[in-house]
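Next up, input10.cif (mmCIF, C-alpha atoms and all ligand atoms):
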```cif
data_run
loop_
_atom_site.label_atom_id
_atom_site.label_comp_id
_atom_site.auth_asym_id
_atom_site.auth_seq_id
_atom_site.Cartn_x
_atom_site.Cartn_y
_atom_site.Cartn_z
CA MET A 278 24.50 7.42 67.04
CA PRO A 279 22.36 8.32 63.99
CA ASP A 280 19.02 10.04 64.58
CA THR A 281 15.83 8.00 64.95
CA ILE A 282 13.21 9.55 62.65
CA GLY A 283 9.53 9.90 63.55
CA PHE A 284 6.91 10.23 60.79
CA ILE A 285 3.29 11.32 61.37
CA GLY A 286 0.64 11.47 58.61
CA LEU A 287 0.84 8.53 56.21
CA GLY A 288 -1.53 9.66 53.45
CA VAL A 289 -1.08 10.07 49.67
CA MET A 290 2.21 11.93 50.26
CA GLY A 291 3.38 10.76 53.68
CA ALA A 292 3.25 7.00 53.07
CA PRO A 293 5.62 6.95 50.07
CA MET A 294 7.92 9.52 51.72
CA ALA A 295 8.18 7.34 54.83
CA ARG A 296 8.81 4.27 52.66
CA ASN A 297 11.69 6.09 50.91
CA LEU A 298 13.28 6.98 54.27
CA LEU A 299 12.99 3.37 55.38
CA ALA A 300 14.51 2.15 52.12
CA ALA A 301 17.41 4.57 52.68
CA GLY A 302 18.17 2.79 55.95
CA GLN A 303 16.66 5.27 58.44
CA GLU A 304 15.24 3.99 61.74
CA LEU A 305 11.60 5.03 61.61
CA VAL A 306 8.84 5.37 64.25
CA VAL A 307 5.44 6.01 62.59
CA HIS A 308 1.98 7.18 63.60
CA SER A 309 -1.12 8.08 61.57
CA ARG A 310 -4.87 8.31 62.12
CA SER A 311 -5.56 5.73 59.41
CA PRO A 312 -4.35 2.24 60.50
CA GLY A 313 -3.84 0.70 57.01
CA PRO A 314 -0.68 2.60 56.01
CA VAL A 315 0.76 2.16 59.55
CA GLU A 316 0.47 -1.62 59.18
CA GLU A 317 2.20 -1.47 55.79
CA LEU A 318 5.12 0.57 57.12
CA VAL A 319 5.49 -1.68 60.18
CA ALA A 320 5.57 -4.71 57.88
CA ALA A 321 8.39 -2.96 55.97
CA GLY A 322 10.44 -2.50 59.16
CA ALA A 323 9.17 0.68 60.88
CA GLU A 324 8.12 0.79 64.52
CA ARG A 325 4.64 1.86 65.60
CA ALA A 326 3.83 4.62 68.12
CA SER A 327 0.36 5.05 69.57
CA SER A 328 0.36 8.87 69.76
CA PRO A 329 2.25 11.92 68.47
CA ARG A 330 3.58 12.37 72.01
CA GLU A 331 5.11 8.88 71.91
CA VAL A 332 6.71 9.70 68.54
CA GLY A 333 8.18 12.82 70.18
CA GLU A 334 9.55 10.72 73.05
CA ARG A 335 11.14 8.04 70.87
CA ALA A 336 12.45 10.01 67.88
CA ASP A 337 15.17 12.68 67.59
CA VAL A 338 13.79 14.18 64.36
CA VAL A 339 10.02 14.16 63.68
CA ILE A 340 8.49 14.78 60.25
CA LEU A 341 4.81 15.77 59.86
CA MET A 342 2.83 15.31 56.61
CA LEU A 343 -0.70 16.29 57.65
CA PRO A 344 -3.65 17.78 55.75
CA ASP A 345 -3.96 21.30 57.17
CA SER A 346 -3.20 23.89 59.88
CA PRO A 347 -5.66 22.53 62.53
CA ALA A 348 -4.17 19.03 62.17
CA VAL A 349 -0.61 20.36 62.58
CA GLU A 350 -1.63 22.46 65.60
CA ALA A 351 -3.23 19.40 67.23
CA VAL A 352 -0.39 16.99 66.44
CA ALA A 353 2.48 19.37 67.25
CA LEU A 354 1.08 21.47 70.10
CA GLY A 355 -1.69 19.32 71.64
CA GLU A 356 -1.58 17.81 75.12
CA ASP A 357 -0.69 14.47 73.58
CA GLY A 358 1.36 16.15 70.83
CA VAL A 359 4.94 15.82 69.57
CA LEU A 360 6.37 18.74 71.54
CA ALA A 361 4.91 17.36 74.80
CA GLY A 362 7.11 14.28 74.32
CA ALA A 363 10.16 15.89 72.69
CA SER A 364 13.51 16.55 74.39
CA GLU A 365 15.85 19.51 74.13
CA GLY A 366 17.93 19.24 70.94
CA ASP A 367 15.25 17.42 68.92
CA LEU A 368 14.10 18.70 65.52
CA LEU A 369 10.52 18.95 64.22
CA ILE A 370 10.10 19.25 60.42
CA ASP A 371 6.60 20.10 59.19
CA MET A 372 6.28 19.21 55.50
CA SER A 373 2.48 19.75 55.36
CA THR A 374 1.07 22.80 53.54
CA ILE A 375 -0.27 25.10 56.25
CA HIS A 376 -0.69 28.77 57.07
CA PRO A 377 2.67 30.60 57.56
CA THR A 378 1.45 32.13 60.84
CA VAL A 379 0.83 28.64 62.25
CA ALA A 380 4.34 27.62 61.15
CA VAL A 381 5.73 30.57 63.11
CA GLU A 382 3.58 29.63 66.14
CA VAL A 383 4.88 26.04 66.09
CA ALA A 384 8.49 27.30 65.78
CA ARG A 385 7.97 29.58 68.80
CA ALA A 386 6.52 26.71 70.87
CA GLY A 387 9.47 24.52 69.85
CA ALA A 388 12.01 27.19 70.82
CA GLU A 389 10.48 27.38 74.32
CA ARG A 390 11.41 23.69 74.77
CA GLY A 391 14.76 23.82 73.00
CA VAL A 392 13.34 21.96 69.98
CA GLY A 393 14.32 23.21 66.51
CA VAL A 394 11.48 23.57 63.98
CA LEU A 395 11.52 23.81 60.18
CA ASP A 396 8.63 24.42 57.82
CA ALA A 397 9.41 22.44 54.68
CA PRO A 398 6.36 22.12 52.40
CA VAL A 399 6.77 20.39 49.07
CA SER A 400 5.59 20.41 45.49
CA GLY A 401 5.76 17.59 42.99
CA GLY A 402 2.69 15.62 43.98
CA ASP A 403 2.27 11.91 44.64
CA VAL A 404 4.65 11.04 41.79
CA GLY A 405 7.41 13.21 43.29
CA ALA A 406 6.74 11.67 46.71
CA ARG A 407 7.09 8.13 45.33
CA GLU A 408 10.15 8.89 43.21
CA GLY A 409 11.91 11.02 45.84
CA THR A 410 12.03 14.02 43.52
CA LEU A 411 9.96 16.57 45.46
CA SER A 412 10.81 20.29 45.46
CA ILE A 413 11.25 21.26 49.11
CA MET A 414 11.00 24.91 50.22
CA VAL A 415 12.52 25.26 53.66
CA GLY A 416 11.98 27.95 56.30
CA GLY A 417 13.89 28.07 59.58
CA GLU A 418 17.36 28.27 61.05
CA GLU A 419 20.52 27.19 59.24
CA ALA A 420 21.56 24.59 61.86
CA GLY A 421 18.23 22.73 61.54
CA VAL A 422 18.42 22.85 57.74
CA ARG A 423 21.94 21.34 57.81
CA ARG A 424 20.77 18.53 60.09
CA ALA A 425 17.72 17.83 57.90
CA GLN A 426 19.65 17.97 54.59
CA PRO A 427 20.40 14.19 54.33
CA LEU A 428 16.69 13.43 54.88
CA PHE A 429 15.62 16.08 52.37
CA GLU A 430 18.01 14.52 49.84
CA VAL A 431 16.19 11.18 50.19
CA LEU A 432 12.79 12.84 49.70
CA GLY A 433 13.50 15.52 47.11
CA GLY A 434 15.48 16.74 44.12
CA THR A 435 15.29 20.51 44.55
CA ILE A 436 15.91 21.73 48.08
CA VAL A 437 16.04 25.48 48.75
CA HIS A 438 16.40 27.21 52.10
CA VAL A 439 14.17 30.22 51.38
CA GLY A 440 14.33 32.11 54.70
CA GLY A 441 13.32 32.12 58.37
CA HIS A 442 10.37 30.42 60.08
CA GLY A 443 7.23 30.54 57.89
CA ALA A 444 9.12 31.46 54.70
CA GLY A 445 8.76 27.91 53.33
CA GLN A 446 4.99 28.17 53.69
CA VAL A 447 4.95 31.63 52.07
CA VAL A 448 6.80 30.24 49.05
CA LYS A 449 4.44 27.25 48.91
CA ALA A 450 1.51 29.71 48.77
CA CYS A 451 3.29 31.47 45.86
CA ASN A 452 3.66 28.07 44.16
CA GLN A 453 -0.03 27.30 44.56
CA VAL A 454 -1.02 30.70 43.10
CA VAL A 455 1.02 30.04 39.94
CA VAL A 456 -0.33 26.49 39.52
CA ALA A 457 -3.98 27.52 40.05
CA VAL A 458 -3.81 30.52 37.73
CA SER A 459 -2.04 28.38 35.09
CA ILE A 460 -4.81 25.76 35.25
CA ALA A 461 -7.42 28.51 34.82
CA ALA A 462 -5.54 30.04 31.87
CA VAL A 463 -5.09 26.70 30.10
CA SER A 464 -8.79 25.89 30.68
CA GLU A 465 -9.95 29.21 29.22
CA ALA A 466 -7.62 28.84 26.22
CA LEU A 467 -8.86 25.30 25.50
CA VAL A 468 -12.54 26.25 25.73
CA LEU A 469 -12.07 29.35 23.56
CA GLY A 470 -10.15 27.46 20.88
CA SER A 471 -12.38 24.41 20.93
CA LYS A 472 -15.67 26.34 20.77
CA ALA A 473 -14.19 28.26 17.82
CA GLY A 474 -13.66 24.90 16.09
CA VAL A 475 -9.97 24.09 16.71
CA ASP A 476 -8.84 20.68 17.98
CA PRO A 477 -7.78 21.10 21.67
CA GLY A 478 -4.82 18.69 21.31
CA ARG A 479 -3.39 20.83 18.51
CA ILE A 480 -3.78 23.94 20.64
CA LEU A 481 -1.63 22.33 23.36
CA ASP A 482 0.88 21.06 20.76
CA VAL A 483 1.65 24.51 19.44
CA LEU A 484 1.32 26.47 22.71
CA GLY A 485 3.79 24.03 24.26
CA GLY A 486 6.53 25.24 21.90
CA GLY A 487 6.29 28.96 22.64
CA LEU A 488 6.16 31.49 25.47
CA ALA A 489 2.82 30.08 26.66
CA ALA A 490 4.40 26.68 27.44
CA ASN A 491 4.06 25.58 31.05
CA LYS A 492 4.22 22.44 33.21
CA VAL A 493 0.45 22.40 33.80
CA MET A 494 -0.32 21.86 30.11
CA GLU A 495 2.45 19.25 29.89
CA VAL A 496 1.69 17.24 33.05
CA ARG A 497 -2.12 17.52 32.95
CA ARG A 498 -2.52 17.33 29.15
CA ARG A 499 -4.23 13.93 29.24
CA ASN A 500 -6.53 14.96 32.12
CA PHE A 501 -7.78 17.99 30.17
CA LEU A 502 -8.19 16.22 26.83
CA GLU A 503 -9.85 13.08 28.25
CA HIS A 504 -11.83 14.80 31.02
CA ASP A 505 -10.13 12.42 33.49
CA PHE A 506 -10.13 14.24 36.82
CA THR A 507 -8.97 11.37 39.05
CA PRO A 508 -6.62 12.98 41.61
CA GLY A 509 -3.61 13.79 41.68
CA PHE A 510 -4.13 16.88 43.76
CA ARG A 511 -7.69 17.41 44.97
CA ILE A 512 -9.64 20.64 44.42
CA ASP A 513 -10.42 20.58 48.18
CA LEU A 514 -6.71 20.82 49.03
CA HIS A 515 -5.96 23.46 46.38
CA HIS A 516 -8.91 25.53 47.62
CA LYS A 517 -7.39 25.32 51.15
CA ASP A 518 -4.03 26.46 49.74
CA LEU A 519 -5.55 29.43 47.88
CA ASN A 520 -7.26 30.47 51.12
CA ILE A 521 -3.80 30.48 52.71
CA ALA A 522 -2.50 32.64 49.82
CA LEU A 523 -5.43 35.09 50.10
CA GLU A 524 -5.10 35.34 53.90
CA SER A 525 -1.37 35.91 53.51
CA GLY A 526 -2.16 38.64 50.95
CA ASP A 527 -4.46 40.17 53.54
CA ALA A 528 -1.77 39.98 56.26
CA TYR A 529 0.91 41.60 54.06
CA GLY A 530 -1.37 44.08 52.21
CA VAL A 531 -1.03 42.41 48.79
CA PRO A 532 -4.14 42.34 46.57
CA LEU A 533 -4.41 39.03 44.68
CA PRO A 534 -7.42 39.64 42.41
CA VAL A 535 -6.66 36.90 39.88
CA THR A 536 -6.03 34.32 42.61
CA GLY A 537 -9.32 35.38 44.23
CA MET A 538 -11.26 34.63 41.05
CA VAL A 539 -9.72 31.18 40.67
CA GLN A 540 -10.37 30.44 44.35
CA GLN A 541 -14.06 31.30 43.81
CA GLY A 542 -14.12 28.94 40.83
CA MET A 543 -12.73 26.13 42.99
CA ARG A 544 -15.31 26.95 45.66
CA ALA A 545 -18.10 26.71 43.03
CA LEU A 546 -16.82 23.29 41.97
CA ARG A 547 -16.75 22.11 45.60
CA ALA A 548 -20.35 23.29 45.99
CA ARG A 549 -21.23 21.18 42.95
CA GLY A 550 -19.67 18.07 44.51
CA HIS A 551 -16.34 18.19 42.63
CA GLY A 552 -14.06 18.83 45.64
CA GLY A 553 -12.54 15.35 45.27
CA ASP A 554 -11.64 15.91 41.58
CA ASP A 555 -8.11 16.67 40.46
CA HIS A 556 -7.49 20.43 40.27
CA SER A 557 -7.33 20.23 36.45
CA GLY A 558 -11.11 19.66 36.83
CA LEU A 559 -11.40 23.46 36.96
CA LEU A 560 -11.87 23.02 33.21
CA GLN A 561 -15.42 21.80 33.93
CA LEU A 562 -16.44 25.18 35.32
CA VAL A 563 -15.05 27.09 32.33
CA GLU A 564 -16.87 24.67 30.03
CA GLU A 565 -20.12 25.17 31.91
CA LEU A 566 -19.83 28.97 31.65
CA ALA A 567 -19.27 28.67 27.89
CA ALA A 568 -21.84 25.90 27.37
CA HIS A 569 -19.17 23.95 25.49
CA ARG A 570 -17.29 20.72 26.26
CA ILE A 571 -13.84 20.73 24.65
CA GLY A 572 -13.38 18.30 21.81
CA GLU A 573 -17.07 18.34 20.90
CA PRO A 574 -18.19 20.02 17.67
CA PRO A 575 -18.63 23.80 17.90
CA PRO A 576 -22.22 25.13 17.68
CA GLU A 577 -23.74 25.68 14.21
CA GLY A 578 -23.10 29.10 12.61
P1 LIG B 601 -3.92 12.91 52.91
O1 LIG B 601 -5.24 13.39 53.39
O2 LIG B 601 -3.83 11.82 51.90
O3 LIG B 601 -3.02 12.43 54.16
C1 LIG B 601 -3.04 13.01 55.42
C2 LIG B 601 -2.72 11.92 56.45
O4 LIG B 601 -2.69 12.50 57.76
C3 LIG B 601 -3.78 10.80 56.50
O5 LIG B 601 -3.12 9.55 56.53
C4 LIG B 601 -4.51 11.04 57.83
O6 LIG B 601 -4.95 9.84 58.43
C5 LIG B 601 -3.39 11.66 58.65
N1 LIG B 601 -3.90 12.50 59.75
C6 LIG B 601 -4.79 13.51 59.66
N2 LIG B 601 -4.99 14.06 60.87
C7 LIG B 601 -4.20 13.36 61.74
C8 LIG B 601 -3.99 13.43 63.14
N3 LIG B 601 -4.62 14.34 63.87
N4 LIG B 601 -3.12 12.55 63.70
C9 LIG B 601 -2.46 11.62 62.95
N5 LIG B 601 -2.63 11.50 61.60
C10 LIG B 601 -3.50 12.36 61.02
O7 LIG B 601 -3.16 14.22 52.37
P2 LIG B 601 -1.90 14.29 51.37
O8 LIG B 601 -2.39 14.40 49.96
O9 LIG B 601 -0.90 13.25 51.75
O10 LIG B 601 -1.34 15.75 51.73
C11 LIG B 601 -0.62 16.00 52.93
C12 LIG B 601 -0.12 17.45 52.87
O11 LIG B 601 0.74 17.61 51.74
C13 LIG B 601 -1.26 18.48 52.71
O12 LIG B 601 -0.96 19.61 53.49
C14 LIG B 601 -1.23 18.80 51.22
O13 LIG B 601 -1.73 20.10 50.95
C15 LIG B 601 0.25 18.67 50.91
N6 LIG B 601 0.58 18.33 49.53
C16 LIG B 601 -0.14 17.38 48.86
C17 LIG B 601 0.20 17.08 47.53
C18 LIG B 601 -0.58 16.03 46.73
O14 LIG B 601 -0.36 15.95 45.50
N7 LIG B 601 -1.43 15.23 47.35
C19 LIG B 601 1.27 17.76 46.90
C20 LIG B 601 2.00 18.68 47.63
C21 LIG B 601 1.65 18.97 48.93
#
```
Could you rewrite the structure in this file as structure tokens?
Ligand code: NAD
Amino acid sequence: MPDTIGFIGLGVMGAPMARNLLAAGQELVVHSRSPGPVEELVAAGAERASSPREVGERADVVILMLPDSPAVEAVALGEDGVLAGASEGDLLIDMSTIHPTVAVEVARAGAERGVGVLDAPVSGGDVGAREGTLSIMVGGEEAGVRRAQPLFEVLGGTIVHVGGHGAGQVVKACNQVVVAVSIAAVSEALVLGSKAGVDPGRILDVLGGGLAANKVMEVRRRNFLEHDFTPGFRIDLHHKDLNIALESGDAYGVPLPVTGMVQQGMRALRARGHGGDDHSGLLQLVEELAAHRIGEPPPEG
């Protein structure tokens, strides 16, 4: 008999991912703190569970898509959590972005009950979640990865088994470092060029054809040029992810000075009330430091 799939955390990412699984013909049992998306999924054919424990009891494979490490600890390990309801031979797949040490802790707790655990964070954003084209970086044992592969193929386009428990989260931290530093670099380049009198759109046009080209300037081009910082991916969440990267650097003895500076920039923006902006909104801080808004005329002289 095919596996029944449980899905917990129906937010910006989780709701479209769960919808894609349902559309692919999977039997789905769902639970989330916010009732709206649960109703929608139930109307589309999913079944409702009243707690993570009940999802663990009713499903063979449970997927989590939660905001952060404390939420995953509560939902996976809590008294009323998934593992409390799970049976030997079940599989728990955490696709949230959390701290690698918490991923290892959840895997250990699963092993004690005979439940396989994978950490499988994603990149690709809400668009990738809707279109089923996420990049999925998977940590854990081969047998679990093989069992999860058909589900991953519904949710994503690039699926790489990167190592043992926690390795998926380590690679996600690496991903978030590159994205954050790229946003900072593009922001500095735009402010420098614009304050010197060059049109910011033309800067991106020509940089996009050479070694400086990157996805950030391609995908967020309009956000930068129009100062439209509707998320997308919130500064609050990216700040959380850079904390994970910096703490991982601490744990493994790896200085990350450039990441640290960008993380402080994101913290400054949160303090100014911009935590809900898209992460391309880092541009606003660089503009403030330079007293120049890109696209506006450069100062006289
Ligand atoms: P979100 O805040 O939109 O969704 C989280 C969902 O979890 C919400 O529906 C919330 O009600 C639910 N939830 C929270 N605590 C719960 C609990 N204790 N029990 C049951 N449900 C609970 O967040 P999101 O943007 O969907 O992100 C989810 C994860 O994916 C995060 O770890 C994020 O860093 C990561 N991620 C997000 C993006 C993005 O572009 N938004 C991209 C890649 C990865």
All residues having an atom within 7 Å of ligand LIG 601 (chain B) (all atoms listed in the file) as a PyMOL selection string = chain A and resi 285-291+308-311+342-345+348+351-352+372-375+398-403+509-510+514+518
Residues of the last selection are to be written out with C-alpha atoms, as an mmCIF file, keeping the file's coordinate frame.
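Result written to out_6.cif:
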```cif
data_model
loop_
_atom_site.group_PDB
_atom_site.id
_atom_site.type_symbol
_atom_site.label_atom_id
_atom_site.label_comp_id
_atom_site.auth_asym_id
_atom_site.auth_seq_id
_atom_site.Cartn_x
_atom_site.Cartn_y
_atom_site.Cartn_z
ATOM 1 C CA ILE A 285 3.290 11.320 61.370
ATOM 2 C CA GLY A 286 0.640 11.470 58.610
ATOM 3 C CA LEU A 287 0.840 8.530 56.210
ATOM 4 C CA GLY A 288 -1.530 9.660 53.450
ATOM 5 C CA VAL A 289 -1.080 10.070 49.670
ATOM 6 C CA MET A 290 2.210 11.930 50.260
ATOM 7 C CA GLY A 291 3.380 10.760 53.680
ATOM 8 C CA HIS A 308 1.980 7.180 63.600
ATOM 9 C CA SER A 309 -1.120 8.080 61.570
ATOM 10 C CA ARG A 310 -4.870 8.310 62.120
ATOM 11 C CA SER A 311 -5.560 5.730 59.410
ATOM 12 C CA MET A 342 2.830 15.310 56.610
ATOM 13 C CA LEU A 343 -0.700 16.290 57.650
ATOM 14 C CA PRO A 344 -3.650 17.780 55.750
ATOM 15 C CA ASP A 345 -3.960 21.300 57.170
ATOM 16 C CA ALA A 348 -4.170 19.030 62.170
ATOM 17 C CA ALA A 351 -3.230 19.400 67.230
ATOM 18 C CA VAL A 352 -0.390 16.990 66.440
ATOM 19 C CA MET A 372 6.280 19.210 55.500
ATOM 20 C CA SER A 373 2.480 19.750 55.360
ATOM 21 C CA THR A 374 1.070 22.800 53.540
ATOM 22 C CA ILE A 375 -0.270 25.100 56.250
ATOM 23 C CA PRO A 398 6.360 22.120 52.400
ATOM 24 C CA VAL A 399 6.770 20.390 49.070
ATOM 25 C CA SER A 400 5.590 20.410 45.490
ATOM 26 C CA GLY A 401 5.760 17.590 42.990
ATOM 27 C CA GLY A 402 2.690 15.620 43.980
ATOM 28 C CA ASP A 403 2.270 11.910 44.640
ATOM 29 C CA GLY A 509 -3.610 13.790 41.680
ATOM 30 C CA PHE A 510 -4.130 16.880 43.760
ATOM 31 C CA LEU A 514 -6.710 20.820 49.030
ATOM 32 C CA ASP A 518 -4.030 26.460 49.740
#
```
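Shortest atom-to-atom contact with Ile512 of chain A among A:Asn491, A:Ser346, A:Thr281, A:Gln541: A:Gln541, counting only C-alpha atoms.
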If you count all atoms listed in the file, which residues fall within 12 Å of Ala528 of chain A, apart from same-chain ones fewer than 6 positions away, as a PyMOL selection string?
-> chain A and resi 376-378+447+521-522
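Of note, atom CA of Met414 of chain A and atom CA of Gly526 of chain A are spaced 19.0 Å apart.
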Separating atom CA of Glu334 of chain A from atom CA of Leu299 of chain A, to the nearest tenth of an Å, is a gap of 19.4 Å
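Counting all atoms listed in the file, Gly443 of chain A has the following residues at most 6 Å away, ignoring those fewer than 4 positions along the same chain: Pro377, Ala380, Val381 and Gly416 of chain A.
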Distance cut-off 7 Å, centre (6.7, 4.9, 62.5) in file coordinates, counting all atoms listed in the file: which residues qualify? Return them as a PDB file with C-alpha atoms, keeping the file's coordinate frame.
```pdb
ATOM      1  CA  GLY A 283       9.530   9.900  63.550  1.00  0.00           C
ATOM      2  CA  PHE A 284       6.910  10.230  60.790  1.00  0.00           C
ATOM      3  CA  LEU A 305      11.600   5.030  61.610  1.00  0.00           C
ATOM      4  CA  VAL A 306       8.840   5.370  64.250  1.00  0.00           C
ATOM      5  CA  VAL A 307       5.440   6.010  62.590  1.00  0.00           C
ATOM      6  CA  HIS A 308       1.980   7.180  63.600  1.00  0.00           C
ATOM      7  CA  ALA A 323       9.170   0.680  60.880  1.00  0.00           C
ATOM      8  CA  GLU A 324       8.120   0.790  64.520  1.00  0.00           C
ATOM      9  CA  ARG A 325       4.640   1.860  65.600  1.00  0.00           C
ATOM     10  CA  ALA A 326       3.830   4.620  68.120  1.00  0.00           C
TER      11      ALA A 326
END
```
Answer as a ChimeraX atom specification, residues within 12 Å of (-12.4, 27.8, 23.5) using only C-alpha atoms | /A:462-477,480,560,563-576
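Counting from atom CA of Arg330 of chain A, the distance to atom CA of Glu350 of chain A is 13.0 Å.
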Excluding segment 532-539 of chain A and any residue of its chain fewer than 2 positions from it, enumerate the residues within 10 Å of it, using all atoms listed in the file, and give them as a VMD selection string.
-> chain A and resid 453 to 455 457 to 462 516 519 to 520 522 to 527 529 to 530 541 to 545 559
